[in-house]
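Just data.csv here, CSV, N, CA and C atoms and all ligand atoms:
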```csv
chain,number,residue,atom,x,y,z
A,25,MET,N,29.5,-13.0,23.3
A,25,MET,CA,29.5,-13.0,21.9
A,25,MET,C,29.8,-11.6,21.3
A,26,LEU,N,30.6,-11.6,20.2
A,26,LEU,CA,31.0,-10.3,19.6
A,26,LEU,C,29.8,-9.5,19.2
A,27,SER,N,28.8,-10.1,18.7
A,27,SER,CA,27.6,-9.3,18.2
A,27,SER,C,27.0,-8.5,19.4
A,28,ASP,N,27.0,-9.1,20.6
A,28,ASP,CA,26.5,-8.4,21.8
A,28,ASP,C,27.4,-7.3,22.2
A,29,SER,N,28.7,-7.4,21.9
A,29,SER,CA,29.7,-6.3,22.2
A,29,SER,C,29.5,-5.1,21.3
A,30,LEU,N,29.0,-5.4,20.1
A,30,LEU,CA,28.9,-4.3,19.1
A,30,LEU,C,27.5,-3.7,19.1
A,31,PHE,N,26.5,-4.5,19.5
A,31,PHE,CA,25.1,-4.1,19.5
A,31,PHE,C,24.2,-4.8,20.4
A,32,GLN,N,23.5,-4.0,21.2
A,32,GLN,CA,22.5,-4.6,22.1
A,32,GLN,C,21.3,-3.7,22.0
A,33,CYS,N,20.2,-4.2,21.5
A,33,CYS,CA,19.0,-3.4,21.3
A,33,CYS,C,18.4,-3.0,22.6
A,34,LYS,N,18.2,-1.7,22.8
A,34,LYS,CA,17.6,-1.1,24.0
A,34,LYS,C,16.1,-1.1,24.0
A,35,LYS,N,15.6,-1.6,22.9
A,35,LYS,CA,14.1,-1.6,22.7
A,35,LYS,C,13.4,-0.2,22.9
A,36,CYS,N,14.1,0.8,22.5
A,36,CYS,CA,13.6,2.1,22.6
A,36,CYS,C,12.5,2.4,21.5
A,37,GLY,N,12.6,1.7,20.4
A,37,GLY,CA,11.6,1.9,19.3
A,37,GLY,C,12.0,3.1,18.4
A,38,ASP,N,13.1,3.7,18.6
A,38,ASP,CA,13.4,4.9,17.8
A,38,ASP,C,13.5,4.5,16.3
A,39,CYS,N,14.0,3.3,16.0
A,39,CYS,CA,14.1,2.9,14.6
A,39,CYS,C,12.8,2.5,14.0
A,40,CYS,N,11.8,2.4,14.8
A,40,CYS,CA,10.4,2.1,14.3
A,40,CYS,C,9.6,3.3,14.2
A,41,ASN,N,10.2,4.5,14.4
A,41,ASN,CA,9.4,5.7,14.3
A,41,ASN,C,9.9,6.6,13.2
A,42,GLY,N,9.0,7.2,12.5
A,42,GLY,CA,9.3,8.0,11.4
A,42,GLY,C,9.3,7.3,10.1
A,43,TYR,N,9.2,8.0,9.0
A,43,TYR,CA,9.1,7.3,7.7
A,43,TYR,C,10.5,7.0,7.2
A,44,GLY,N,10.9,5.7,7.5
A,44,GLY,CA,12.2,5.3,7.0
A,44,GLY,C,12.0,4.4,5.9
A,45,GLY,N,10.8,3.9,5.6
A,45,GLY,CA,10.6,3.0,4.5
A,45,GLY,C,11.1,1.6,4.9
A,46,THR,N,10.3,0.9,5.7
A,46,THR,CA,10.7,-0.5,6.0
A,46,THR,C,10.2,-1.4,4.9
A,47,PHE,N,11.1,-1.6,3.9
A,47,PHE,CA,10.7,-2.4,2.7
A,47,PHE,C,10.5,-3.9,3.1
A,48,LEU,N,9.5,-4.5,2.4
A,48,LEU,CA,9.2,-5.9,2.6
A,48,LEU,C,9.6,-6.6,1.3
A,49,SER,N,10.3,-7.7,1.5
A,49,SER,CA,10.5,-8.6,0.3
A,49,SER,C,9.2,-9.4,0.1
A,50,GLU,N,9.2,-10.1,-1.0
A,50,GLU,CA,8.0,-11.0,-1.2
A,50,GLU,C,7.9,-12.0,-0.1
A,51,LYS,N,9.0,-12.5,0.3
A,51,LYS,CA,9.0,-13.5,1.4
A,51,LYS,C,8.5,-12.9,2.7
A,52,ASP,N,9.0,-11.7,3.0
A,52,ASP,CA,8.5,-11.0,4.2
A,52,ASP,C,7.0,-10.9,4.2
A,53,VAL,N,6.4,-10.5,3.1
A,53,VAL,CA,5.0,-10.3,3.0
A,53,VAL,C,4.3,-11.6,3.3
A,54,LYS,N,4.7,-12.6,2.7
A,54,LYS,CA,4.1,-14.0,2.8
A,54,LYS,C,4.1,-14.4,4.3
A,55,VAL,N,5.3,-14.3,4.9
A,55,VAL,CA,5.5,-14.8,6.2
A,55,VAL,C,4.7,-14.0,7.3
A,56,ILE,N,4.8,-12.6,7.1
A,56,ILE,CA,4.1,-11.8,8.1
A,56,ILE,C,2.6,-11.9,7.9
A,57,ALA,N,2.1,-12.0,6.7
A,57,ALA,CA,0.7,-12.2,6.4
A,57,ALA,C,0.2,-13.5,7.1
A,58,GLU,N,1.0,-14.5,7.0
A,58,GLU,CA,0.6,-15.8,7.6
A,58,GLU,C,0.6,-15.6,9.1
A,59,TYR,N,1.6,-14.9,9.7
A,59,TYR,CA,1.7,-14.7,11.1
A,59,TYR,C,0.5,-14.0,11.7
A,60,VAL,N,-0.1,-13.0,10.9
A,60,VAL,CA,-1.2,-12.3,11.4
A,60,VAL,C,-2.6,-12.9,10.9
A,61,ASN,N,-2.4,-14.1,10.3
A,61,ASN,CA,-3.6,-14.8,9.8
A,61,ASN,C,-4.4,-14.1,8.8
A,62,MET,N,-3.7,-13.5,7.8
A,62,MET,CA,-4.4,-12.8,6.7
A,62,MET,C,-3.8,-13.4,5.4
A,63,ASP,N,-4.6,-13.2,4.3
A,63,ASP,CA,-4.1,-13.6,3.0
A,63,ASP,C,-3.2,-12.4,2.6
A,64,VAL,N,-2.4,-12.6,1.6
A,64,VAL,CA,-1.4,-11.6,1.2
A,64,VAL,C,-2.1,-10.3,0.7
A,65,LYS,N,-3.2,-10.5,-0.1
A,65,LYS,CA,-3.8,-9.3,-0.6
A,65,LYS,C,-4.4,-8.4,0.5
A,66,SER,N,-5.1,-9.0,1.4
A,66,SER,CA,-5.7,-8.3,2.5
A,66,SER,C,-4.6,-7.6,3.4
A,67,PHE,N,-3.6,-8.4,3.6
A,67,PHE,CA,-2.5,-7.9,4.5
A,67,PHE,C,-1.8,-6.7,3.8
A,68,THR,N,-1.6,-6.8,2.5
A,68,THR,CA,-0.9,-5.7,1.8
A,68,THR,C,-1.8,-4.4,1.8
A,69,ALA,N,-3.1,-4.7,1.6
A,69,ALA,CA,-4.0,-3.5,1.6
A,69,ALA,C,-4.1,-2.8,3.0
A,70,LYS,N,-4.0,-3.6,4.0
A,70,LYS,CA,-4.2,-3.1,5.4
A,70,LYS,C,-2.9,-2.5,6.0
A,71,TYR,N,-1.8,-3.2,5.8
A,71,TYR,CA,-0.6,-2.9,6.5
A,71,TYR,C,0.5,-2.4,5.7
A,72,CYS,N,0.3,-2.3,4.4
A,72,CYS,CA,1.5,-1.8,3.6
A,72,CYS,C,1.1,-0.6,2.8
A,73,ARG,N,2.1,0.2,2.4
A,73,ARG,CA,2.0,1.3,1.4
A,73,ARG,C,3.1,1.0,0.4
A,74,LEU,N,2.9,1.7,-0.8
A,74,LEU,CA,3.9,1.5,-1.8
A,74,LEU,C,4.9,2.7,-1.8
A,75,SER,N,6.2,2.3,-1.9
A,75,SER,CA,7.2,3.3,-2.1
A,75,SER,C,8.1,2.9,-3.2
A,76,GLY,N,8.1,3.7,-4.3
A,76,GLY,CA,8.9,3.3,-5.5
A,76,GLY,C,8.4,2.0,-6.0
A,77,GLY,N,7.1,1.8,-5.9
A,77,GLY,CA,6.4,0.6,-6.4
A,77,GLY,C,6.7,-0.7,-5.5
A,78,LYS,N,7.4,-0.5,-4.4
A,78,LYS,CA,7.6,-1.6,-3.5
A,78,LYS,C,6.9,-1.5,-2.2
A,79,PRO,N,6.4,-2.6,-1.6
A,79,PRO,CA,5.7,-2.5,-0.4
A,79,PRO,C,6.6,-2.1,0.8
A,80,VAL,N,6.1,-1.1,1.6
A,80,VAL,CA,6.8,-0.8,2.9
A,80,VAL,C,5.7,-0.9,3.9
A,81,LEU,N,6.1,-1.1,5.2
A,81,LEU,CA,5.1,-1.2,6.3
A,81,LEU,C,4.5,0.2,6.5
A,82,ALA,N,3.2,0.2,6.7
A,82,ALA,CA,2.5,1.5,6.9
A,82,ALA,C,2.9,2.0,8.3
A,83,GLN,N,2.6,3.3,8.5
A,83,GLN,CA,2.8,4.0,9.8
A,83,GLN,C,1.5,4.2,10.5
A,84,ASP,N,1.5,4.2,11.8
A,84,ASP,CA,0.3,4.5,12.6
A,84,ASP,C,0.2,6.1,12.6
A,85,GLU,N,-0.9,6.6,13.1
A,85,GLU,CA,-1.0,8.0,13.2
A,85,GLU,C,0.1,8.7,14.1
A,86,ASN,N,0.6,7.9,15.0
A,86,ASN,CA,1.7,8.4,15.9
A,86,ASN,C,3.0,8.5,15.3
A,87,GLY,N,3.1,8.0,14.0
A,87,GLY,CA,4.4,8.1,13.3
A,87,GLY,C,5.2,6.8,13.5
A,88,TYR,N,4.7,5.9,14.3
A,88,TYR,CA,5.5,4.6,14.5
A,88,TYR,C,5.0,3.6,13.4
A,89,CYS,N,5.8,2.6,13.2
A,89,CYS,CA,5.4,1.5,12.4
A,89,CYS,C,4.1,0.9,12.9
A,90,ILE,N,3.3,0.5,12.0
A,90,ILE,CA,2.0,0.0,12.3
A,90,ILE,C,2.1,-1.2,13.3
A,91,PHE,N,3.2,-1.9,13.3
A,91,PHE,CA,3.4,-3.0,14.2
A,91,PHE,C,4.1,-2.7,15.5
A,92,TRP,N,4.3,-1.4,15.8
A,92,TRP,CA,5.0,-1.1,17.0
A,92,TRP,C,4.0,-0.8,18.1
A,93,ASP,N,4.1,-1.5,19.2
A,93,ASP,CA,3.2,-1.2,20.4
A,93,ASP,C,4.0,-1.4,21.6
A,94,LYS,N,4.9,-0.5,21.9
A,94,LYS,CA,5.9,-0.6,23.0
A,94,LYS,C,6.9,-1.7,22.7
A,95,LEU,N,6.6,-2.5,21.8
A,95,LEU,CA,7.6,-3.5,21.3
A,95,LEU,C,7.1,-3.9,19.9
A,96,CYS,N,8.0,-4.7,19.2
A,96,CYS,CA,7.6,-5.1,17.9
A,96,CYS,C,6.6,-6.3,18.0
A,97,MET,N,5.4,-6.1,17.5
A,97,MET,CA,4.3,-7.1,17.6
A,97,MET,C,4.5,-8.3,16.6
A,98,ILE,N,5.5,-8.1,15.7
A,98,ILE,CA,5.7,-9.2,14.8
A,98,ILE,C,7.2,-9.7,14.9
A,99,HIS,N,7.7,-9.5,16.1
A,99,HIS,CA,9.2,-9.8,16.3
A,99,HIS,C,9.7,-11.1,15.6
A,100,PRO,N,9.0,-12.2,15.9
A,100,PRO,CA,9.5,-13.5,15.3
A,100,PRO,C,9.6,-13.5,13.8
A,101,VAL,N,8.8,-12.6,13.1
A,101,VAL,CA,8.8,-12.7,11.7
A,101,VAL,C,9.0,-11.3,11.1
A,102,LYS,N,9.7,-10.4,11.9
A,102,LYS,CA,9.8,-9.0,11.4
A,102,LYS,C,10.6,-9.0,10.1
A,103,PRO,N,10.5,-8.0,9.3
A,103,PRO,CA,11.1,-7.9,7.9
A,103,PRO,C,12.6,-8.1,8.0
A,104,TYR,N,13.1,-8.6,6.9
A,104,TYR,CA,14.6,-8.8,6.8
A,104,TYR,C,15.3,-7.5,7.2
A,105,MET,N,14.9,-6.4,6.8
A,105,MET,CA,15.5,-5.1,7.1
A,105,MET,C,15.7,-4.9,8.6
A,106,CYS,N,14.6,-5.2,9.3
A,106,CYS,CA,14.6,-5.1,10.8
A,106,CYS,C,15.5,-6.1,11.4
A,107,LYS,N,15.5,-7.3,10.9
A,107,LYS,CA,16.3,-8.4,11.5
A,107,LYS,C,17.8,-8.1,11.2
A,108,ALA,N,18.1,-7.6,10.1
A,108,ALA,CA,19.5,-7.4,9.7
A,108,ALA,C,20.2,-6.3,10.5
A,109,TRP,N,19.5,-5.3,10.9
A,109,TRP,CA,20.0,-4.1,11.6
A,109,TRP,C,20.8,-4.5,12.8
A,110,PRO,N,22.0,-3.9,13.0
A,110,PRO,CA,22.7,-2.9,12.2
A,110,PRO,C,23.8,-3.4,11.4
A,111,PHE,N,23.8,-4.8,11.2
A,111,PHE,CA,24.9,-5.4,10.4
A,111,PHE,C,24.5,-5.4,8.9
A,112,ILE,N,24.6,-4.3,8.3
A,112,ILE,CA,24.1,-4.2,6.9
A,112,ILE,C,25.2,-3.7,6.0
A,113,LYS,N,25.0,-3.9,4.7
A,113,LYS,CA,26.0,-3.6,3.7
A,113,LYS,C,26.6,-2.2,3.7
A,114,SER,N,25.7,-1.2,4.0
A,114,SER,CA,26.2,0.1,3.9
A,114,SER,C,27.4,0.4,4.9
A,115,VAL,N,27.5,-0.4,5.9
A,115,VAL,CA,28.6,-0.3,6.9
A,115,VAL,C,29.9,-0.7,6.2
A,116,LEU,N,29.8,-1.7,5.3
A,116,LEU,CA,31.0,-2.1,4.5
A,116,LEU,C,31.4,-1.1,3.5
A,117,VAL,N,30.4,-0.4,2.9
A,117,VAL,CA,30.6,0.6,1.9
A,117,VAL,C,31.3,1.8,2.5
A,118,ASP,N,30.9,2.2,3.7
A,118,ASP,CA,31.6,3.3,4.4
A,118,ASP,C,31.4,3.1,5.9
A,119,ILE,N,32.4,2.9,6.6
A,119,ILE,CA,32.4,2.6,8.0
A,119,ILE,C,31.8,3.8,8.8
A,120,ASN,N,31.8,5.0,8.1
A,120,ASN,CA,31.2,6.2,8.8
A,120,ASN,C,29.7,5.9,9.0
A,121,ASN,N,29.1,5.1,8.1
A,121,ASN,CA,27.7,4.8,8.3
A,121,ASN,C,27.4,4.1,9.6
A,122,TRP,N,28.3,3.3,10.1
A,122,TRP,CA,28.2,2.7,11.5
A,122,TRP,C,28.0,3.8,12.5
A,123,HIS,N,28.8,4.9,12.4
A,123,HIS,CA,28.7,6.0,13.4
A,123,HIS,C,27.5,6.8,13.2
A,124,ILE,N,27.1,7.0,12.0
A,124,ILE,CA,25.8,7.7,11.7
A,124,ILE,C,24.7,7.0,12.3
A,125,MET,N,24.7,5.6,12.1
A,125,MET,CA,23.6,4.8,12.6
A,125,MET,C,23.6,4.9,14.1
A,126,ALA,N,24.8,4.9,14.7
A,126,ALA,CA,24.9,4.9,16.2
A,126,ALA,C,24.3,6.2,16.7
A,127,SER,N,24.4,7.2,15.9
A,127,SER,CA,23.8,8.5,16.5
A,127,SER,C,22.3,8.5,16.6
A,128,VAL,N,21.7,7.5,15.9
A,128,VAL,CA,20.2,7.4,16.1
A,128,VAL,C,19.8,6.1,16.7
A,129,CYS,N,20.7,5.3,17.0
A,129,CYS,CA,20.4,4.0,17.6
A,129,CYS,C,21.3,3.8,18.9
A,130,PRO,N,20.7,3.9,20.1
A,130,PRO,CA,21.5,3.8,21.3
A,130,PRO,C,22.0,2.4,21.6
A,131,GLY,N,21.6,1.4,20.8
A,131,GLY,CA,22.1,0.0,21.0
A,131,GLY,C,23.5,-0.2,20.3
A,132,ILE,N,23.9,0.7,19.4
A,132,ILE,CA,25.1,0.5,18.7
A,132,ILE,C,26.3,1.1,19.4
A,133,ARG,N,27.4,0.3,19.6
A,133,ARG,CA,28.6,0.8,20.3
A,133,ARG,C,29.6,1.3,19.3
A,134,THR,N,30.2,2.4,19.7
A,134,THR,CA,31.2,3.0,18.8
A,134,THR,C,32.6,3.0,19.4
A,135,ASP,N,32.7,2.3,20.6
A,135,ASP,CA,34.1,2.3,21.2
A,135,ASP,C,34.8,1.0,20.9
A,136,VAL,N,34.4,0.4,19.8
A,136,VAL,CA,35.1,-0.8,19.3
A,136,VAL,C,35.8,-0.3,18.0
A,137,PRO,N,37.1,-0.8,17.8
A,137,PRO,CA,37.8,-0.4,16.5
A,137,PRO,C,37.0,-0.6,15.3
A,138,ASP,N,37.0,0.3,14.4
A,138,ASP,CA,36.3,0.2,13.1
A,138,ASP,C,36.6,-1.1,12.3
A,139,SER,N,37.9,-1.5,12.4
A,139,SER,CA,38.3,-2.7,11.7
A,139,SER,C,37.6,-3.9,12.2
A,140,VAL,N,37.4,-4.0,13.5
A,140,VAL,CA,36.6,-5.1,14.1
A,140,VAL,C,35.2,-5.1,13.7
A,141,VAL,N,34.6,-3.9,13.6
A,141,VAL,CA,33.2,-3.7,13.2
A,141,VAL,C,33.1,-4.2,11.8
A,142,LYS,N,33.9,-3.8,10.9
A,142,LYS,CA,33.9,-4.1,9.5
A,142,LYS,C,34.0,-5.6,9.3
A,143,GLU,N,35.0,-6.2,10.0
A,143,GLU,CA,35.2,-7.6,9.8
A,143,GLU,C,34.0,-8.4,10.3
A,144,PHE,N,33.4,-8.0,11.4
A,144,PHE,CA,32.2,-8.7,11.9
A,144,PHE,C,31.0,-8.6,11.0
A,145,VAL,N,30.8,-7.3,10.5
A,145,VAL,CA,29.6,-7.1,9.7
A,145,VAL,C,29.8,-7.9,8.4
A,146,ALA,N,31.0,-8.0,7.8
A,146,ALA,CA,31.2,-8.8,6.6
A,146,ALA,C,30.9,-10.3,6.9
A,147,GLU,N,31.3,-10.8,8.1
A,147,GLU,CA,31.0,-12.2,8.4
A,147,GLU,C,29.5,-12.4,8.5
A,148,LYS,N,28.8,-11.5,9.2
A,148,LYS,CA,27.3,-11.6,9.4
A,148,LYS,C,26.6,-11.6,8.0
A,149,ILE,N,27.1,-10.8,7.1
A,149,ILE,CA,26.4,-10.7,5.8
A,149,ILE,C,26.7,-12.0,5.0
A,150,ALA,N,27.9,-12.4,5.1
A,150,ALA,CA,28.3,-13.7,4.4
A,150,ALA,C,27.4,-14.9,4.9
A,151,ASP,N,27.2,-14.9,6.2
A,151,ASP,CA,26.4,-16.0,6.8
A,151,ASP,C,25.0,-16.0,6.4
A,152,ARG,N,24.5,-14.8,5.9
A,152,ARG,CA,23.1,-14.8,5.5
A,152,ARG,C,22.9,-15.3,4.1
A,153,TYR,N,23.9,-15.4,3.4
A,153,TYR,CA,23.8,-15.8,2.0
A,153,TYR,C,24.3,-17.2,1.8
A,201,LIG,S1,16.9,2.3,17.7
A,201,LIG,FE1,18.4,0.7,18.1
A,201,LIG,S2,18.2,0.3,20.3
A,201,LIG,FE2,16.4,1.4,19.7
A,201,LIG,S3,14.9,-0.2,19.2
A,201,LIG,FE3,15.9,0.3,17.3
A,201,LIG,S4,17.6,-1.1,17.1
A,201,LIG,FE4,16.9,-1.2,19.3
A,202,LIG,S1,8.4,-4.5,12.0
A,202,LIG,FE1,8.9,-4.3,14.1
A,202,LIG,S2,11.1,-3.9,14.2
A,202,LIG,FE2,10.4,-3.4,12.1
A,202,LIG,S3,9.9,-1.3,12.1
A,202,LIG,FE3,8.0,-2.4,12.6
A,202,LIG,S4,7.8,-2.5,14.8
A,202,LIG,FE4,10.0,-1.9,14.3
```
Please express the file's structure as structure tokens.
Ligand code: SF4
Ligand code: SF4
Amino acid sequence: MLSDSLFQCKKCGDCCNGYGGTFLSEKDVKVIAEYVNMDVKSFTAKYCRLSGGKPVLAQDENGYCIFWDKLCMIHPVKPYMCKAWPFIKSVLVDINNWHIMASVCPGIRTDVPDSVVKEFVAEKIADRY
């Protein structure tokens, strides 16, 4: 599959470390709260912080996402942002973003022509809508 040729997650957790602001949509909040058997209010108070007035996942003291424990503890319902990575709009805005992302994510391949990457990312994004 082409997506496997462009990206294979190495499960290193690097993208789950550091304050990147993993934003949660309203739907993300509902689905994750249900997954961890909490109501939305309690979930938001315990696991979220606000950034620009929007909920983001909190970080643990070690700097990792609160749901990282050698792997993503909410993988089946992880936020849209995490699911979409690395096939995101900013790659279409500027293909250099693919290479910048690859410098921090060992799962992203850069030995594929940029035109192939762009075409594939555009298809993935179109499929989501
Ligand atoms: S940085 Fe890349 S390879 Fe590592 S866990 Fe995140 S998506 Fe996977
Ligand atoms: S939700 Fe999962 S994939 Fe997303 S940052 Fe947290 S641990 Fe990583």
Item to complete: For ligand LIG 202 (chain A), list the contacting residues at 7 Å or closer, counting only C-alpha atoms and all ligand atoms, as a list in words.
Response: Gly37, Cys39, Cys40, Thr46, Cys89, Ile90, Phe91, Trp92, Leu95, Cys96, Met97, Ile98, His99, Lys102, Pro103 and Cys106 of chain A
Worksheet item: Of the candidates A:Val101, A:Ser29, A:Ala57, A:Lys34, which one gets nearest to ligand LIG 201 (chain A) if we count only N, CA and C atoms and all ligand atoms?
Response: A:Lys34
Practice prompt. Produce as a ChimeraX atom specification the set of residues near ligand LIG 201 (chain A), where near means within 6 Å with all atoms listed in the file considered.
Written response: /A:32-40,128-132
Put those residues in a file: N, CA and C atoms, as a JSON list (two decimals), keeping the file's coordinate frame.
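Everything below was put into again.json:
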```json
[["chain", "number", "residue", "atom", "x", "y", "z"],
["A", 32, "GLN", "N", 23.50, -4.00, 21.20],
["A", 32, "GLN", "CA", 22.50, -4.60, 22.10],
["A", 32, "GLN", "C", 21.30, -3.70, 22.00],
["A", 33, "CYS", "N", 20.20, -4.20, 21.50],
["A", 33, "CYS", "CA", 19.00, -3.40, 21.30],
["A", 33, "CYS", "C", 18.40, -3.00, 22.60],
["A", 34, "LYS", "N", 18.20, -1.70, 22.80],
["A", 34, "LYS", "CA", 17.60, -1.10, 24.00],
["A", 34, "LYS", "C", 16.10, -1.10, 24.00],
["A", 35, "LYS", "N", 15.60, -1.60, 22.90],
["A", 35, "LYS", "CA", 14.10, -1.60, 22.70],
["A", 35, "LYS", "C", 13.40, -0.20, 22.90],
["A", 36, "CYS", "N", 14.10, 0.80, 22.50],
["A", 36, "CYS", "CA", 13.60, 2.10, 22.60],
["A", 36, "CYS", "C", 12.50, 2.40, 21.50],
["A", 37, "GLY", "N", 12.60, 1.70, 20.40],
["A", 37, "GLY", "CA", 11.60, 1.90, 19.30],
["A", 37, "GLY", "C", 12.00, 3.10, 18.40],
["A", 38, "ASP", "N", 13.10, 3.70, 18.60],
["A", 38, "ASP", "CA", 13.40, 4.90, 17.80],
["A", 38, "ASP", "C", 13.50, 4.50, 16.30],
["A", 39, "CYS", "N", 14.00, 3.30, 16.00],
["A", 39, "CYS", "CA", 14.10, 2.90, 14.60],
["A", 39, "CYS", "C", 12.80, 2.50, 14.00],
["A", 40, "CYS", "N", 11.80, 2.40, 14.80],
["A", 40, "CYS", "CA", 10.40, 2.10, 14.30],
["A", 40, "CYS", "C", 9.60, 3.30, 14.20],
["A", 128, "VAL", "N", 21.70, 7.50, 15.90],
["A", 128, "VAL", "CA", 20.20, 7.40, 16.10],
["A", 128, "VAL", "C", 19.80, 6.10, 16.70],
["A", 129, "CYS", "N", 20.70, 5.30, 17.00],
["A", 129, "CYS", "CA", 20.40, 4.00, 17.60],
["A", 129, "CYS", "C", 21.30, 3.80, 18.90],
["A", 130, "PRO", "N", 20.70, 3.90, 20.10],
["A", 130, "PRO", "CA", 21.50, 3.80, 21.30],
["A", 130, "PRO", "C", 22.00, 2.40, 21.60],
["A", 131, "GLY", "N", 21.60, 1.40, 20.80],
["A", 131, "GLY", "CA", 22.10, 0.00, 21.00],
["A", 131, "GLY", "C", 23.50, -0.20, 20.30],
["A", 132, "ILE", "N", 23.90, 0.70, 19.40],
["A", 132, "ILE", "CA", 25.10, 0.50, 18.70],
["A", 132, "ILE", "C", 26.30, 1.10, 19.40]]
```
Worksheet entry | Given only N, CA and C atoms as the counted atoms, nearest of A:Gly77, A:Trp122, A:Leu116, A:Tyr104 to Thr134 (chain A) |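 Among A:Gly77, A:Trp122, A:Leu116, A:Tyr104, it is A:Trp122 that comes nearest to Thr134 (chain A).
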Discussion item. Write out as a PyMOL selection string the set of residues from chain A that DSSP, computed on the backbone, places in helix (DSSP H, G or I).
Written reply: chain A and resi 26-30+38-40+50-59+64-71+99-101+104-108+113-117+120-126+138-152
Worksheet item: If you measure from atom N of His123 (chain A) to atom C of Pro79 (chain A), what distance in Å do you get, rounded to one decimal?
Response: 26.0 Å
Discussion item. For region 82-87 of chain A, find every residue with an atom within 6 Å (counting only C-alpha atoms), except residues of its own chain fewer than 3 positions away, and show them as a list in words.
Written reply: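 Once the nearby chain positions are removed, what remains is Asn41, Gly42, Tyr71, Cys72, Arg73 and Ile90 of chain A.
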Discussion item. I'd like the interatomic distance between CA of Pro110 (chain A) and CA of Lys94 (chain A), to a tenth of an Å.
Written reply: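 Taking CA of Pro110 (chain A) as the start and CA of Lys94 (chain A) as the end point, the length is 20.1 Å.
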Worksheet item: So, counting all atoms listed in the file, which residue among A:Gly45, A:Ala126, A:Ser139, A:Val53 is closest to Leu81 (chain A)?
Response: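 Ranked by minimum distance to Leu81 (chain A), first place goes to A:Gly45.
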Practice prompt. Write down as a VMD selection string the residues belonging to region 38-130 of chain A that are assigned strand (DSSP E) by DSSP computed on the backbone.
Written response: chain A and resid 72 to 75 78 to 81
Hey, can I get the axis-aligned box for region 90-108 of chain A? All listed atoms, 5 Å padding on each side, centre and edge lengths in Å to one decimal, as lines of an AutoDock Vina configuration file.
```
center_x = 11.1
center_y = -6.5
center_z = 14.9
size_x = 28.2
size_y = 24.0
size_z = 26.2
```
Worksheet item: What is the distance between atom C of Ser49 (chain A) and atom C of Asp93 (chain A), in Å to one decimal?
Response: 23.5 Å
